[in-house]
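Shown next: query_1.cif, given as mmCIF, C-alpha atoms.
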data_model
#
loop_
_atom_site.label_atom_id
_atom_site.label_comp_id
_atom_site.auth_asym_id
_atom_site.auth_seq_id
_atom_site.Cartn_x
_atom_site.Cartn_y
_atom_site.Cartn_z
CA MET A 1 200.32 142.49 -29.84
CA SER A 2 202.29 139.35 -29.04
CA GLU A 3 201.70 137.41 -25.84
CA ALA A 4 203.84 138.09 -22.82
CA LYS A 5 206.94 135.96 -22.44
CA ILE A 6 206.56 133.93 -19.25
CA ILE A 7 209.52 133.86 -16.86
CA ASP A 8 208.95 131.11 -14.35
CA ALA A 9 210.96 131.98 -11.24
CA ARG A 10 208.75 130.11 -8.79
CA ASP A 11 210.48 128.50 -5.82
CA THR A 12 213.54 130.70 -6.08
CA PHE A 13 214.44 133.19 -3.39
CA CYS A 14 215.42 136.85 -3.42
CA PRO A 15 217.05 138.18 -5.52
CA GLY A 16 216.60 135.27 -7.95
CA PRO A 17 213.25 136.34 -9.48
CA LEU A 18 214.42 139.92 -10.03
CA MET A 19 217.68 138.77 -11.57
CA GLU A 20 215.79 136.40 -13.88
CA LEU A 21 213.53 139.25 -14.98
CA ILE A 22 216.48 141.57 -15.59
CA SER A 23 218.30 138.89 -17.61
CA TYR A 24 215.30 138.48 -19.90
CA MET A 25 214.69 142.22 -20.04
CA LYS A 26 218.23 142.80 -21.33
CA ARG A 27 217.59 140.44 -24.23
CA ALA A 28 214.02 141.61 -24.98
CA ASN A 29 213.05 144.17 -27.60
CA VAL A 30 211.45 147.51 -26.80
CA GLY A 31 207.70 146.96 -26.51
CA ASP A 32 207.99 143.30 -25.44
CA GLU A 33 205.89 142.17 -22.50
CA LEU A 34 207.32 139.87 -19.86
CA GLU A 35 205.35 138.11 -17.15
CA LEU A 36 207.29 137.06 -14.06
CA LEU A 37 205.92 134.22 -11.94
CA SER A 38 207.28 134.36 -8.42
CA THR A 39 206.56 132.78 -5.07
CA ASP A 40 209.01 135.13 -3.37
CA LYS A 41 206.92 137.67 -1.44
CA GLY A 42 209.58 140.34 -1.76
CA SER A 43 209.15 140.36 -5.54
CA VAL A 44 205.82 142.11 -5.29
CA ASN A 45 207.60 145.20 -3.97
CA ASP A 46 211.07 144.76 -5.43
CA VAL A 47 210.03 144.37 -9.06
CA PRO A 48 207.87 147.54 -9.20
CA GLU A 49 210.65 149.41 -7.39
CA TRP A 50 213.18 148.28 -9.99
CA ILE A 51 210.79 149.02 -12.86
CA ALA A 52 210.19 152.56 -11.56
CA LYS A 53 213.87 153.19 -11.05
CA VAL A 54 215.02 152.06 -14.48
CA GLY A 55 212.00 153.44 -16.33
CA HIS A 56 210.14 150.44 -17.76
CA GLU A 57 206.37 149.98 -17.45
CA LEU A 58 204.52 147.93 -14.86
CA ILE A 59 201.40 146.57 -16.57
CA SER A 60 199.88 144.52 -13.76
CA SER A 61 200.63 142.64 -10.59
CA GLU A 62 198.28 140.06 -9.17
CA GLN A 63 198.42 137.14 -6.78
CA VAL A 64 196.95 133.82 -7.90
CA GLY A 65 197.15 131.31 -5.07
CA ASN A 66 200.68 131.63 -3.73
CA VAL A 67 202.11 132.86 -7.02
CA TRP A 68 202.62 136.50 -7.98
CA HIS A 69 202.11 137.31 -11.65
CA ILE A 70 203.94 140.54 -12.45
CA LYS A 71 203.61 141.77 -16.01
CA VAL A 72 205.95 144.43 -17.34
CA ARG A 73 206.77 146.08 -20.66
CA LYS A 74 210.22 147.06 -21.87
CA THR A 75 210.07 150.70 -22.84
CA LYS A 76 213.62 151.57 -23.81
CA MET B 1 220.75 159.48 -9.03
CA ALA B 2 222.96 156.41 -9.02
CA ARG B 3 224.60 155.56 -5.75
CA LYS B 4 228.16 154.41 -5.43
CA ILE B 5 228.41 151.19 -3.43
CA TYR B 6 231.77 149.64 -2.64
CA ILE B 7 231.88 146.23 -0.98
CA VAL B 8 234.83 144.59 0.72
CA CYS B 9 234.60 140.79 1.06
CA VAL B 10 237.08 139.15 3.39
CA SER B 11 235.09 136.39 5.08
CA GLY B 12 234.85 132.98 3.48
CA THR B 13 231.61 132.00 5.16
CA ARG B 14 228.49 131.31 3.17
CA GLU B 15 226.21 133.77 4.94
CA LYS B 16 228.51 136.75 4.46
CA LEU B 17 229.32 135.93 0.84
CA GLN B 18 225.62 135.43 0.11
CA MET B 19 224.63 138.78 1.63
CA ALA B 20 227.44 140.61 -0.16
CA ALA B 21 226.43 139.01 -3.46
CA MET B 22 222.77 139.85 -2.96
CA ILE B 23 223.54 143.51 -2.37
CA ALA B 24 226.03 143.66 -5.25
CA SER B 25 223.66 142.08 -7.76
CA VAL B 26 220.59 144.11 -6.85
CA ALA B 27 222.46 147.41 -6.59
CA ALA B 28 224.32 146.90 -9.86
CA ALA B 29 221.23 145.79 -11.75
CA THR B 30 219.40 148.85 -10.46
CA GLY B 31 221.96 151.19 -11.92
CA ASP B 32 224.21 151.85 -8.97
CA GLU B 33 227.96 151.93 -9.44
CA VAL B 34 229.16 148.78 -7.68
CA CYS B 35 232.67 147.62 -6.98
CA VAL B 36 233.52 144.50 -4.95
CA PHE B 37 237.00 143.98 -3.56
CA PHE B 38 237.82 140.35 -2.70
CA SER B 39 240.57 139.57 -0.25
CA MET B 40 241.54 137.02 2.42
CA ASN B 41 239.30 133.94 2.58
CA ALA B 42 236.69 135.43 0.25
CA LEU B 43 239.05 135.38 -2.71
CA LEU B 44 239.63 131.62 -2.52
CA TYR B 45 236.27 130.85 -4.14
CA PHE B 46 237.24 132.71 -7.29
CA VAL B 47 240.36 130.66 -7.96
CA LYS B 48 239.63 128.20 -10.76
CA GLY B 49 239.27 124.65 -9.53
CA GLN B 50 238.37 125.61 -5.97
CA SER B 51 235.14 124.25 -4.51
CA PRO B 52 232.41 126.92 -4.36
CA ASP B 53 231.06 125.34 -1.18
CA ALA B 54 231.68 127.87 1.55
CA PRO B 55 231.38 126.69 5.16
CA VAL B 56 228.39 127.94 7.12
CA GLU B 57 228.57 130.15 10.22
CA GLY B 58 225.30 129.01 11.73
CA SER B 59 221.94 127.39 11.16
CA PHE B 60 220.82 129.93 8.60
CA GLY B 61 223.80 129.07 6.47
CA THR B 62 222.62 125.48 6.47
CA LEU B 63 219.24 126.63 5.17
CA LEU B 64 220.97 128.52 2.38
CA GLU B 65 223.02 125.46 1.59
CA GLN B 66 220.14 123.01 1.49
CA ASP B 67 217.46 124.96 -0.36
CA GLY B 68 217.89 124.66 -4.10
CA GLY B 69 215.96 127.90 -4.67
CA VAL B 70 218.68 130.13 -3.25
CA PRO B 71 220.84 131.58 -6.04
CA PRO B 72 224.51 130.64 -5.34
CA PHE B 73 226.67 133.61 -4.36
CA LYS B 74 229.00 133.13 -7.31
CA GLN B 75 226.07 133.34 -9.70
CA LEU B 76 224.88 136.54 -8.03
CA PHE B 77 228.30 138.16 -8.32
CA LYS B 78 228.29 137.14 -11.99
CA TYR B 79 224.87 138.77 -12.42
CA ALA B 80 226.27 141.91 -10.82
CA ALA B 81 229.06 142.03 -13.40
CA GLU B 82 227.02 141.00 -16.42
CA LEU B 83 223.74 142.81 -15.77
CA GLY B 84 225.02 145.84 -13.93
CA ASP B 85 228.65 146.27 -14.95
CA ALA B 86 229.87 145.79 -11.39
CA LYS B 87 233.62 145.65 -10.99
CA LEU B 88 234.85 142.53 -9.17
CA LEU B 89 238.41 143.15 -8.10
CA PRO B 90 240.86 140.69 -6.55
CA CYS B 91 243.18 142.04 -3.88
CA SER B 92 246.74 142.10 -5.20
CA MET B 93 248.19 141.17 -1.82
CA ALA B 94 245.94 138.10 -1.55
CA ILE B 95 246.89 137.03 -5.06
CA ASP B 96 250.55 137.30 -4.19
CA LEU B 97 250.11 135.24 -1.03
CA LEU B 98 248.12 132.59 -2.86
CA ARG B 99 250.78 132.54 -5.57
CA VAL B 100 248.22 132.46 -8.35
CA SER B 101 248.17 134.35 -11.62
CA THR B 102 245.20 136.29 -12.97
CA ASP B 103 244.45 133.60 -15.55
CA GLN B 104 243.86 131.21 -12.65
CA LEU B 105 241.00 133.42 -11.44
CA ASP B 106 237.40 133.38 -12.68
CA PRO B 107 237.00 135.52 -15.81
CA GLU B 108 234.52 137.87 -14.14
CA LEU B 109 237.27 139.22 -11.93
CA GLY B 110 239.06 142.37 -12.99
CA PRO B 111 242.73 143.26 -12.61
CA PRO B 112 244.57 142.74 -9.32
CA THR B 113 244.03 145.86 -7.28
CA GLY B 114 245.90 147.34 -4.37
CA LEU B 115 244.29 149.07 -1.45
CA THR B 116 245.58 152.49 -2.43
CA LYS B 117 243.82 152.39 -5.79
CA PHE B 118 240.67 150.79 -4.32
CA LEU B 119 240.37 153.38 -1.56
CA SER B 120 241.03 156.17 -4.00
CA GLU B 121 238.23 154.97 -6.29
CA ALA B 122 235.95 154.43 -3.30
CA GLU B 123 235.99 158.09 -2.39
CA GLY B 124 232.45 159.24 -1.68
CA ALA B 125 231.02 155.71 -1.85
CA GLN B 126 229.02 153.77 0.68
CA MET B 127 231.43 151.13 1.91
CA LEU B 128 230.14 147.77 3.14
CA THR B 129 232.37 145.07 4.59
CA PHE B 130 231.59 141.37 4.86
#

Let me see the structure of the file written as structure tokens.
Amino acid sequence: MSEAKIIDARDTFCPGPLMELISYMKRANVGDELELLSTDKGSVNDVPEWIAKVGHELISSEQVGNVWHIKVRKTK
Amino acid sequence: MARKIYIVCVSGTREKLQMAAMIASVAAATGDEVCVFFSMNALLYFVKGQSPDAPVEGSFGTLLEQDGGVPPFKQLFKYAAELGDAKLLPCSMAIDLLRVSTDQLDPELGPPTGLTKFLSEAEGAQMLTF
């Protein structure tokens, strides 16, 4: 299993982190893992909401300091 | 089930364009059918060579302007088109008044559209105006 691709969207505001994630997701292959780094508090709810709606997989979501690390897998 | 969200942008102020672009980009990227109709002052920013710096309405607009972490509204509209297939349509009347041709508009914009066609396509949609 390859390591997750890190998408550093720290210090950008809504909807920047989500748009960054979606941009990378479009170019990723099925099965790829992406880890979004965000300081935007809305991301912690918005990203899982988007993942659930479009049908990808949320692997984990954790806060380290003031940064949210949201790891997802492209499933289709 | 995908929603149908139609947005009318007429204001040329930063706050309104930013909010419209935020909704358009998130809705389109989430699978909703999104169509944005640009007319009046809002269309000016999509004419090639025009400054993208929209004037602010109030203090919050200044915050948007000064913080480098806020995605510019033009970039968000572009995301809406590229990531979510949103339609970005220039108002045909506004184009006529500005005396510009379609090749003088940003490439993300679709064909000049009249209100009759826009309203016909908007049937059943949520309509938001900025």

Item to complete: Tell me, as a PyMOL selection string, which residues lie within 7 Å of segment 6-13 of chain A, counting only C-alpha atoms; anything in the same chain fewer than 6 positions away does not count.
Response: (chain A and resi 21+34-40) or (chain B and resi 69-70)

Item to complete: Could you check which of B:Val26, B:Leu105, B:Val100, B:Val36 is closest to chain A, using all atoms listed in the file?
Response: B:Val26

Discussion item. Would you pick out the contacts of segment 70-74 of chain A at 12 Å or less, using all atoms listed in the file, so that residues sharing its chain but fewer than 3 positions from it are not included, and give the list as a PyMOL selection string?
Written reply: chain A and resi 1-9+17-18+21-22+24-41+43-48+50-52+54-64+67

Worksheet entry | Atom pair atom CA of Phe77 of chain B / atom CA of Ala21 of chain B: separation (Å) |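 The value is 5.3 Å.
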
Discussion item. Could you work out which residues of chain B fall inside 8 Å of chain A? Count only C-alpha atoms, and format the result as a ChimeraX atom specification.
Written reply: /B:22,25-26,29-31,68-71,79,83

Worksheet item: Which polymer residues have any atom within 9 Å of an atom of Gly61 of chain B, counting all atoms listed in the file, with same-chain residues fewer than 5 positions away left out, as a ChimeraX atom specification?
Response: /B:13-15,55-56,66

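Relative to atom CA of Phe118 of chain B, atom CA of Pro52 of chain B is found at 25.3 Å.
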
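Each of B:Phe38, B:Lys74, B:Phe130, B:Ala24 was compared to Gly110 of chain B using only C-alpha atoms, and B:Phe38 turns out to be the nearest.
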
Practice prompt. Could you list the residues chosen by the PyMOL selection byres ((chain B and resi 112) around 9) in this structure as number ranges by chain?
Written response: B: 89-93, 95, 102, 109-111, 113-114
